[in-house]
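target_36.cif follows; it contains mmCIF, C-alpha atoms and all ligand atoms.
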```
data_input
loop_
_atom_site.label_atom_id
_atom_site.label_comp_id
_atom_site.auth_asym_id
_atom_site.auth_seq_id
_atom_site.Cartn_x
_atom_site.Cartn_y
_atom_site.Cartn_z
CA MET A 24 23.50 -19.20 84.91
CA LYS A 25 22.90 -22.94 84.76
CA PRO A 26 22.41 -23.81 81.07
CA TRP A 27 20.09 -26.70 81.95
CA LYS A 28 17.77 -24.69 84.18
CA LEU A 29 14.93 -23.22 82.14
CA LEU A 30 13.87 -20.85 84.90
CA GLU A 31 17.32 -19.22 84.81
CA VAL A 32 18.36 -19.14 81.16
CA ASN A 33 17.40 -16.34 78.80
CA TYR A 34 16.41 -16.23 75.15
CA ASN A 35 19.85 -14.95 74.22
CA PHE A 36 21.13 -18.34 75.33
CA VAL A 37 18.24 -20.54 74.18
CA LYS A 38 18.14 -19.16 70.61
CA ASN A 39 21.62 -20.59 70.01
CA TYR A 40 21.25 -23.85 71.94
CA SER A 41 19.29 -27.01 71.22
CA TYR A 42 18.14 -29.13 74.12
CA GLU A 43 17.97 -32.88 73.52
CA VAL A 44 16.14 -34.09 76.60
CA ALA A 45 13.69 -32.44 79.00
CA VAL A 46 13.35 -33.29 82.68
CA LEU A 47 10.04 -32.57 84.40
CA PRO A 48 10.07 -32.85 88.20
CA ILE A 49 6.79 -33.38 90.03
CA GLY A 50 6.30 -33.52 93.79
CA ALA A 51 3.47 -32.93 96.26
CA THR A 52 2.32 -30.56 99.00
CA GLU A 53 1.33 -32.58 102.07
CA PRO A 54 2.32 -33.27 105.69
CA HIS A 55 5.30 -35.56 106.29
CA ASN A 56 5.09 -36.90 109.84
CA LEU A 57 5.68 -33.97 112.23
CA HIS A 58 9.19 -33.10 111.18
CA LEU A 59 9.52 -32.58 107.40
CA PRO A 60 8.15 -29.58 105.49
CA TYR A 61 4.91 -29.76 103.51
CA GLY A 62 6.92 -29.08 100.37
CA ASN A 63 9.30 -31.96 100.98
CA ASP A 64 8.51 -33.95 97.86
CA ALA A 65 8.48 -30.85 95.66
CA MET A 66 11.70 -29.41 97.10
CA THR A 67 13.60 -32.70 97.13
CA THR A 68 12.57 -33.54 93.57
CA GLU A 69 13.39 -30.06 92.30
CA ARG A 70 16.85 -30.22 93.89
CA ILE A 71 17.46 -33.72 92.53
CA GLY A 72 16.39 -32.49 89.11
CA ASP A 73 18.98 -29.74 89.34
CA LEU A 74 21.72 -32.14 90.48
CA ILE A 75 21.05 -34.79 87.84
CA CYS A 76 20.96 -32.21 85.07
CA GLU A 77 24.20 -30.71 86.35
CA ARG A 78 25.81 -34.16 86.29
CA ALA A 79 24.43 -34.88 82.82
CA HIS A 80 25.76 -31.51 81.64
CA GLN A 81 29.23 -32.38 82.98
CA LEU A 82 29.07 -35.58 80.93
CA GLY A 83 28.13 -33.63 77.80
CA ALA A 84 24.33 -33.90 77.76
CA LYS A 85 21.99 -31.17 76.58
CA ALA A 86 19.30 -31.46 79.21
CA ALA A 87 16.60 -28.93 80.06
CA LEU A 88 15.28 -28.88 83.61
CA LEU A 89 11.66 -27.71 83.48
CA PRO A 90 10.06 -26.00 86.49
CA CYS A 91 8.85 -28.44 89.12
CA ILE A 92 5.14 -29.15 89.51
CA PRO A 93 4.76 -28.59 93.28
CA TYR A 94 1.42 -30.42 93.65
CA GLY A 95 0.55 -34.07 93.27
CA VAL A 96 -2.21 -36.61 93.79
CA ASP A 97 -3.09 -36.47 97.50
CA SER A 98 -6.79 -37.28 97.75
CA ASN A 99 -6.04 -39.84 100.46
CA LEU A 100 -4.16 -37.28 102.59
CA MET A 101 -6.94 -34.70 102.58
CA GLY A 102 -7.75 -35.69 106.16
CA PHE A 103 -4.74 -33.57 107.15
CA PRO A 104 -4.95 -29.76 107.14
CA MET A 105 -3.43 -27.83 104.24
CA THR A 106 -2.85 -30.85 102.02
CA ILE A 107 -3.27 -29.65 98.43
CA SER A 108 -4.42 -32.35 96.03
CA LEU A 109 -4.75 -32.59 92.26
CA ASN A 110 -6.88 -35.31 90.70
CA PRO A 111 -4.94 -37.87 88.62
CA SER A 112 -6.86 -36.66 85.55
CA THR A 113 -5.74 -33.07 86.24
CA VAL A 114 -2.11 -34.15 86.50
CA ASP A 115 -2.44 -36.07 83.24
CA ILE A 116 -3.82 -33.01 81.43
CA LEU A 117 -1.11 -30.78 82.87
CA ILE A 118 1.74 -33.09 81.91
CA THR A 119 0.22 -33.75 78.49
CA ASP A 120 0.21 -30.00 77.77
CA ILE A 121 3.87 -29.81 78.81
CA VAL A 122 4.73 -32.76 76.56
CA ARG A 123 2.94 -31.04 73.66
CA SER A 124 4.93 -27.88 74.34
CA ILE A 125 8.34 -29.49 74.28
CA GLU A 126 7.28 -31.55 71.26
CA ALA A 127 6.43 -28.31 69.43
CA HIS A 128 9.95 -27.11 70.16
CA GLY A 129 11.54 -30.20 68.66
CA ILE A 130 12.57 -32.05 71.82
CA ARG A 131 12.01 -35.78 71.40
CA LYS A 132 12.95 -37.19 74.81
CA MET A 133 11.51 -36.43 78.19
CA VAL A 134 12.00 -37.82 81.67
CA ILE A 135 9.28 -37.32 84.25
CA LEU A 136 11.12 -37.17 87.56
CA ASN A 137 8.60 -38.17 90.19
CA GLY A 138 9.06 -37.61 93.89
CA HIS A 139 5.69 -38.67 95.31
CA GLY A 140 4.33 -42.20 95.52
CA GLY A 141 0.72 -41.09 94.99
CA ASN A 142 1.53 -39.80 91.51
CA GLY A 143 0.88 -43.01 89.58
CA LEU A 144 2.02 -41.81 86.17
CA LYS A 145 2.60 -45.06 84.30
CA ASN A 146 -0.91 -44.98 82.86
CA LEU A 147 -0.19 -41.56 81.35
CA LEU A 148 2.75 -43.06 79.46
CA ARG A 149 0.40 -45.71 78.13
CA GLU A 150 -2.21 -43.08 77.27
CA LEU A 151 0.29 -41.03 75.26
CA TYR A 152 2.07 -43.97 73.65
CA GLY A 153 1.78 -43.69 69.88
CA LYS A 154 0.21 -40.22 70.17
CA THR A 155 3.37 -38.17 70.63
CA GLU A 156 6.79 -38.13 69.05
CA VAL A 157 8.32 -37.53 72.46
CA PHE A 158 9.91 -40.61 74.00
CA LEU A 159 8.63 -40.55 77.58
CA SER A 160 10.14 -42.27 80.55
CA LEU A 161 9.19 -42.12 84.19
CA VAL A 162 11.73 -42.17 87.03
CA ASP A 163 10.54 -42.49 90.62
CA TRP A 164 13.80 -41.22 92.06
CA TRP A 165 13.54 -43.03 95.40
CA LYS A 166 13.54 -46.39 93.60
CA VAL A 167 16.86 -45.68 91.87
CA PRO A 168 19.19 -46.49 94.82
CA SER A 169 16.87 -49.00 96.55
CA ASP A 170 19.60 -51.67 96.39
CA LEU A 171 21.51 -49.60 98.98
CA TYR A 172 18.71 -49.33 101.53
CA PRO A 173 18.94 -52.72 103.31
CA SER A 174 22.58 -52.21 104.32
CA LEU A 175 22.50 -48.43 104.72
CA LEU A 176 19.33 -47.89 106.74
CA ASP A 177 18.43 -48.96 110.27
CA HIS A 178 14.74 -48.89 109.36
CA PRO A 179 14.34 -49.64 105.65
CA GLY A 180 10.87 -50.25 104.28
CA GLY A 181 8.84 -47.17 105.25
CA ASP A 182 7.42 -45.05 102.50
CA HIS A 183 6.54 -41.62 103.83
CA ALA A 184 8.73 -39.29 105.89
CA GLU A 185 10.75 -42.35 106.89
CA GLU A 186 14.49 -42.74 107.45
CA MET A 187 15.43 -42.60 103.77
CA GLU A 188 13.35 -39.55 102.90
CA THR A 189 14.37 -37.77 106.10
CA SER A 190 18.06 -38.48 105.48
CA VAL A 191 17.83 -36.93 102.03
CA ALA A 192 16.07 -33.87 103.49
CA LEU A 193 18.77 -33.57 106.17
CA CYS A 194 21.38 -33.53 103.43
CA LEU A 195 19.57 -30.96 101.24
CA TYR A 196 17.89 -28.56 103.71
CA PRO A 197 18.67 -29.46 107.34
CA GLU A 198 17.33 -26.09 108.50
CA LEU A 199 13.80 -27.25 107.57
CA VAL A 200 13.93 -30.62 109.35
CA GLU A 201 12.69 -30.79 112.95
CA LEU A 202 13.66 -34.39 113.66
CA ASP A 203 13.04 -34.14 117.42
CA ALA A 204 9.35 -33.57 116.68
CA ALA A 205 8.95 -36.79 114.66
CA ASP A 206 7.00 -39.77 115.90
CA GLU A 207 7.95 -43.34 114.98
CA GLY A 208 5.76 -43.56 111.90
CA ALA A 209 3.82 -46.62 113.04
CA VAL A 210 1.10 -47.90 110.69
CA LYS A 211 -2.18 -49.63 111.54
CA THR A 212 -3.03 -52.91 109.90
CA SER A 213 -6.41 -53.56 108.32
CA HIS A 214 -9.05 -56.02 109.47
CA PHE A 215 -8.60 -57.62 106.04
CA GLU A 216 -5.72 -59.99 105.52
CA ALA A 217 -6.06 -59.45 101.77
CA ILE A 218 -5.28 -55.75 102.23
CA ASN A 219 -2.41 -56.43 104.63
CA LYS A 220 -0.90 -58.91 102.17
CA GLY A 221 -1.24 -56.34 99.40
CA TRP A 222 -3.14 -58.39 96.84
CA ALA A 223 -6.26 -56.38 97.51
CA GLN A 224 -5.17 -52.85 96.74
CA ILE A 225 -6.83 -49.77 98.18
CA THR A 226 -6.16 -46.06 98.34
CA ARG A 227 -4.77 -45.95 101.84
CA PRO A 228 -6.70 -43.49 104.07
CA TRP A 229 -3.65 -41.79 105.54
CA HIS A 230 -5.46 -40.18 108.50
CA LEU A 231 -6.67 -43.62 109.62
CA ILE A 232 -3.55 -45.70 109.17
CA THR A 233 -0.90 -43.28 110.49
CA THR A 234 -0.46 -41.33 113.70
CA ASN A 235 0.90 -38.09 112.20
CA ALA A 236 1.12 -38.81 108.46
CA GLY A 237 4.43 -40.70 108.64
CA VAL A 238 4.93 -44.25 107.40
CA GLY A 239 8.23 -45.65 108.63
CA ASN A 240 10.56 -44.73 111.48
CA PRO A 241 12.75 -41.68 110.73
CA LYS A 242 14.63 -41.53 114.05
CA LYS A 243 17.94 -42.88 112.73
CA ALA A 244 18.05 -40.56 109.73
CA ASP A 245 21.18 -38.52 109.16
CA ALA A 246 22.73 -36.34 106.49
CA GLN A 247 25.53 -38.76 105.68
CA LYS A 248 23.04 -41.48 104.73
CA GLY A 249 21.25 -38.89 102.67
CA LYS A 250 24.45 -38.00 100.84
CA ILE A 251 25.14 -41.63 99.95
CA ILE A 252 21.62 -41.97 98.58
CA LEU A 253 21.80 -38.70 96.66
CA ASP A 254 25.22 -39.49 95.19
CA ALA A 255 23.85 -42.75 93.77
CA VAL A 256 20.71 -41.02 92.45
CA VAL A 257 22.73 -38.28 90.77
CA GLU A 258 25.28 -40.61 89.20
CA ARG A 259 22.73 -43.13 87.92
CA ILE A 260 20.10 -40.74 86.58
CA GLY A 261 22.76 -38.32 85.33
CA GLN A 262 24.26 -41.12 83.26
CA TYR A 263 20.82 -42.08 81.92
CA LEU A 264 20.17 -38.48 80.87
CA PHE A 265 23.52 -38.36 79.10
CA GLU A 266 22.74 -41.59 77.22
CA LEU A 267 19.31 -40.26 76.27
CA SER A 268 20.78 -36.97 75.12
CA GLU A 269 23.27 -38.73 72.86
CA ALA A 270 20.85 -41.29 71.44
CA GLU A 271 19.43 -41.09 67.93
CA ILE A 272 15.73 -41.91 67.80
CA GLY A 273 15.03 -44.56 65.19
CA ASP A 274 12.23 -47.04 64.51
CA ALA A 275 13.37 -49.53 67.15
CA PHE A 276 14.20 -46.95 69.84
CA PRO A 277 14.94 -47.59 72.70
CA TYR A 278 16.02 -51.10 71.66
ZN ZN B 1 7.52 -37.56 100.60
#
```
Using the file provided, produce a representation of the structure as structure tokens.
Ligand SMILES: [Zn+2]
Amino acid sequence: MKPWKLLEVNYNFVKNYSYEVAVLPIGATEPHNLHLPYGNDAMTTERIGDLICERAHQLGAKAALLPCIPYGVDSNLMGFPMTISLNPSTVDILITDIVRSIEAHGIRKMVILNGHGGNGLKNLLRELYGKTEVFLSLVDWWKVPSDLYPSLLDHPGGDHAEEMETSVALCLYPELVELDAADEGAVKTSHFEAINKGWAQITRPWHLITTNAGVGNPKKADAQKGKIILDAVVERIGQYLFELSEAEIGDAFPY
């Protein structure tokens, strides 16, 4: 039994244990180029949640890993079959109910561990600010080791089923990665320079800008790169969870 994993512990354990910090993973169910599973973001984020809580536990933290939300905001990938999408407002309601639940049980710190770029959750933190006693922070796990990408990756810079994401998948569940099937993840540019430059933001219509849902070339992905990325993610977020677990919440928290 993993003491951090809520799906595995029993009441006999929980009644004598007090968790300090909750971790809520959220992913997505969507195509990832031709080679990664539809559940990639959910499975990767769930596994990372398990690994960071294990590391935090080793350091002495009392972290609770909540079950992963397997769906995310995917309205702009609905052009691909079997994409399952939640509206941003639905995700906000779902997470708010989970925050209220852990708050009722006396937990005062929570990390939302996000594994899907479409889940823009910062506004939810702003929405709940001042309305809950739970200190909320949001970690997009793929941003945590981004300082390593330029030297580690042959094709840094993609953002969907690319070399980084594929390397992590090859490290965690190689049996579900069909790398030979992948295309090069080329992306169309817009007629509008403003959109290409990024200062005019849009919801990118994935079926129009990609060939097979991938953004970024995954061909040079390998498990060793994935392990380097995961090791950094686990060490850095694990340490953060430990610090959160130990911290006393006062008026000036977290400063
Ligand atoms: Zn993904």
How close does chain A get to ligand ZN 1 (chain B)? List, as JSON lines, each residue of chain A within 12 Å, its nearest atom pair and the distance in Å to one decimal, counting all atoms listed in the file.
```
{"residue": "A:Ile49", "atom": "CA", "partner": "B:ZN1", "partner_atom": "ZN", "distance": 11.4}
{"residue": "A:Gly50", "atom": "CA", "partner": "B:ZN1", "partner_atom": "ZN", "distance": 8.0}
{"residue": "A:Ala51", "atom": "CA", "partner": "B:ZN1", "partner_atom": "ZN", "distance": 7.5}
{"residue": "A:Thr52", "atom": "CA", "partner": "B:ZN1", "partner_atom": "ZN", "distance": 8.9}
{"residue": "A:Glu53", "atom": "CA", "partner": "B:ZN1", "partner_atom": "ZN", "distance": 8.1}
{"residue": "A:Pro54", "atom": "CA", "partner": "B:ZN1", "partner_atom": "ZN", "distance": 8.4}
{"residue": "A:His55", "atom": "CA", "partner": "B:ZN1", "partner_atom": "ZN", "distance": 6.4}
{"residue": "A:Asn56", "atom": "CA", "partner": "B:ZN1", "partner_atom": "ZN", "distance": 9.6}
{"residue": "A:His58", "atom": "CA", "partner": "B:ZN1", "partner_atom": "ZN", "distance": 11.6}
{"residue": "A:Leu59", "atom": "CA", "partner": "B:ZN1", "partner_atom": "ZN", "distance": 8.7}
{"residue": "A:Pro60", "atom": "CA", "partner": "B:ZN1", "partner_atom": "ZN", "distance": 9.4}
{"residue": "A:Tyr61", "atom": "CA", "partner": "B:ZN1", "partner_atom": "ZN", "distance": 8.7}
{"residue": "A:Gly62", "atom": "CA", "partner": "B:ZN1", "partner_atom": "ZN", "distance": 8.5}
{"residue": "A:Asn63", "atom": "CA", "partner": "B:ZN1", "partner_atom": "ZN", "distance": 5.9}
{"residue": "A:Asp64", "atom": "CA", "partner": "B:ZN1", "partner_atom": "ZN", "distance": 4.6}
{"residue": "A:Ala65", "atom": "CA", "partner": "B:ZN1", "partner_atom": "ZN", "distance": 8.4}
{"residue": "A:Met66", "atom": "CA", "partner": "B:ZN1", "partner_atom": "ZN", "distance": 9.8}
{"residue": "A:Thr67", "atom": "CA", "partner": "B:ZN1", "partner_atom": "ZN", "distance": 8.5}
{"residue": "A:Thr68", "atom": "CA", "partner": "B:ZN1", "partner_atom": "ZN", "distance": 9.5}
{"residue": "A:Pro93", "atom": "CA", "partner": "B:ZN1", "partner_atom": "ZN", "distance": 11.9}
{"residue": "A:Tyr94", "atom": "CA", "partner": "B:ZN1", "partner_atom": "ZN", "distance": 11.7}
{"residue": "A:Gly95", "atom": "CA", "partner": "B:ZN1", "partner_atom": "ZN", "distance": 10.7}
{"residue": "A:Val96", "atom": "CA", "partner": "B:ZN1", "partner_atom": "ZN", "distance": 11.9}
{"residue": "A:Asp97", "atom": "CA", "partner": "B:ZN1", "partner_atom": "ZN", "distance": 11.1}
{"residue": "A:Leu100", "atom": "CA", "partner": "B:ZN1", "partner_atom": "ZN", "distance": 11.9}
{"residue": "A:Asn137", "atom": "CA", "partner": "B:ZN1", "partner_atom": "ZN", "distance": 10.5}
{"residue": "A:Gly138", "atom": "CA", "partner": "B:ZN1", "partner_atom": "ZN", "distance": 6.9}
{"residue": "A:His139", "atom": "CA", "partner": "B:ZN1", "partner_atom": "ZN", "distance": 5.7}
{"residue": "A:Gly140", "atom": "CA", "partner": "B:ZN1", "partner_atom": "ZN", "distance": 7.6}
{"residue": "A:Gly141", "atom": "CA", "partner": "B:ZN1", "partner_atom": "ZN", "distance": 9.5}
{"residue": "A:Asn142", "atom": "CA", "partner": "B:ZN1", "partner_atom": "ZN", "distance": 11.1}
{"residue": "A:Asp163", "atom": "CA", "partner": "B:ZN1", "partner_atom": "ZN", "distance": 11.5}
{"residue": "A:Trp164", "atom": "CA", "partner": "B:ZN1", "partner_atom": "ZN", "distance": 11.2}
{"residue": "A:Trp165", "atom": "CA", "partner": "B:ZN1", "partner_atom": "ZN", "distance": 9.7}
{"residue": "A:Gly181", "atom": "CA", "partner": "B:ZN1", "partner_atom": "ZN", "distance": 10.8}
{"residue": "A:Asp182", "atom": "CA", "partner": "B:ZN1", "partner_atom": "ZN", "distance": 7.7}
{"residue": "A:His183", "atom": "CA", "partner": "B:ZN1", "partner_atom": "ZN", "distance": 5.3}
{"residue": "A:Ala184", "atom": "CA", "partner": "B:ZN1", "partner_atom": "ZN", "distance": 5.7}
{"residue": "A:Glu185", "atom": "CA", "partner": "B:ZN1", "partner_atom": "ZN", "distance": 8.5}
{"residue": "A:Glu186", "atom": "CA", "partner": "B:ZN1", "partner_atom": "ZN", "distance": 11.1}
{"residue": "A:Met187", "atom": "CA", "partner": "B:ZN1", "partner_atom": "ZN", "distance": 9.9}
{"residue": "A:Glu188", "atom": "CA", "partner": "B:ZN1", "partner_atom": "ZN", "distance": 6.6}
{"residue": "A:Thr189", "atom": "CA", "partner": "B:ZN1", "partner_atom": "ZN", "distance": 8.8}
{"residue": "A:Ser190", "atom": "CA", "partner": "B:ZN1", "partner_atom": "ZN", "distance": 11.7}
{"residue": "A:Val191", "atom": "CA", "partner": "B:ZN1", "partner_atom": "ZN", "distance": 10.4}
{"residue": "A:Ala192", "atom": "CA", "partner": "B:ZN1", "partner_atom": "ZN", "distance": 9.8}
{"residue": "A:Ala236", "atom": "CA", "partner": "B:ZN1", "partner_atom": "ZN", "distance": 10.2}
{"residue": "A:Gly237", "atom": "CA", "partner": "B:ZN1", "partner_atom": "ZN", "distance": 9.2}
{"residue": "A:Val238", "atom": "CA", "partner": "B:ZN1", "partner_atom": "ZN", "distance": 9.9}
{"residue": "A:Gly239", "atom": "CA", "partner": "B:ZN1", "partner_atom": "ZN", "distance": 11.4}
```
query = Expressed in Å to a single decimal, how great is the separation between atom CA of A:Ala84 and atom CA of A:Gly273?
reply =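 For atom CA of A:Ala84 relative to atom CA of A:Gly273, the distance reads 18.9 Å.
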With a distance cut-off of 12 Å and all atoms listed in the file, select the neighbouring residues of A:Leu148, excluding the residue or stretch itself and same-chain residues fewer than 4 positions from it, and output the selection as a PDB file with C-alpha atoms, in the frame of the given file.
```pdb
ATOM      1  CA  ASP A 115      -2.440 -36.070  83.240  1.00  0.00           C
ATOM      2  CA  ILE A 118       1.740 -33.090  81.910  1.00  0.00           C
ATOM      3  CA  THR A 119       0.220 -33.750  78.490  1.00  0.00           C
ATOM      4  CA  VAL A 122       4.730 -32.760  76.560  1.00  0.00           C
ATOM      5  CA  MET A 133      11.510 -36.430  78.190  1.00  0.00           C
ATOM      6  CA  VAL A 134      12.000 -37.820  81.670  1.00  0.00           C
ATOM      7  CA  ILE A 135       9.280 -37.320  84.250  1.00  0.00           C
ATOM      8  CA  GLY A 143       0.880 -43.010  89.580  1.00  0.00           C
ATOM      9  CA  LEU A 144       2.020 -41.810  86.170  1.00  0.00           C
ATOM     10  CA  TYR A 152       2.070 -43.970  73.650  1.00  0.00           C
ATOM     11  CA  GLY A 153       1.780 -43.690  69.880  1.00  0.00           C
ATOM     12  CA  LYS A 154       0.210 -40.220  70.170  1.00  0.00           C
ATOM     13  CA  THR A 155       3.370 -38.170  70.630  1.00  0.00           C
ATOM     14  CA  VAL A 157       8.320 -37.530  72.460  1.00  0.00           C
ATOM     15  CA  PHE A 158       9.910 -40.610  74.000  1.00  0.00           C
ATOM     16  CA  LEU A 159       8.630 -40.550  77.580  1.00  0.00           C
ATOM     17  CA  SER A 160      10.140 -42.270  80.550  1.00  0.00           C
ATOM     18  CA  LEU A 161       9.190 -42.120  84.190  1.00  0.00           C
ATOM     19  CA  VAL A 162      11.730 -42.170  87.030  1.00  0.00           C
TER      20      VAL A 162
END
```
ask   = Contacts of A:Tyr172 at 10 Å or less, counting all atoms listed in the file, minus same-chain residues fewer than 4 places along, as a PyMOL selection string?
value = chain A and resi 166+168+176-180+186-187+248+252
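Here atom CA of A:Lys211 and atom CA of A:Arg227 stand 10.7 Å from one another.
Pairwise distance (atom CA of A:His80, atom CA of A:Phe265) equals 7.6 Å.
Of the residues under consideration (A:Met24, A:Val167, A:Glu69, A:Leu136), A:Leu136 shows the shortest atom-to-atom contact distance to A:Leu47 when counting only C-alpha atoms.
Among the candidates A:Leu193, A:Leu109, A:Glu216, A:Leu117, the residue lying nearest to A:Leu253 is A:Leu193 (atoms considered: all atoms listed in the file).
The nearest approach to A:Leu88 among the residues A:Asp170, A:Asp73, A:Glu269, A:Glu207, with only C-alpha atoms taken into account, belongs to A:Asp73.
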task = Counting only C-alpha atoms, figure out which residue out of A:Gly83, A:Gly102, A:Pro111, A:Gly208 gets nearest to A:His230.
result =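 Of all the options, A:Gly102 lies closest to A:His230.
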Taking every listed atom of stretch 200-205 of chain A and adding 4 Å to each side, what centre and edge lengths in Å (one decimal) does the axis-aligned box have, as AutoDock Vina command-line options?
```
--center_x 11.4 --center_y -33.7 --center_z 113.4 --size_x 13.0 --size_y 14.2 --size_z 16.1
```
ask   = Taking only C-alpha atoms into account, which of A:Ser41, A:Asn99, A:Thr226, A:Ser169 comes nearest A:Arg259?
value =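 Looking only at the distances to A:Arg259, the closest residue turns out to be A:Ser169.
Minimum distance to A:Glu77 across A:Thr212, A:Trp27, A:Leu89, A:Ala205 (counting all atoms listed in the file) occurs at A:Trp27.
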ask   = Mind listing as a list in words all residues within 9 Å of (11.4, -23.6, 81.2), counting all atoms listed in the file?
value = Lys28, Leu29, Leu30, Glu31, Val32, Ala87, Leu88, Leu89 and Pro90 of chain A
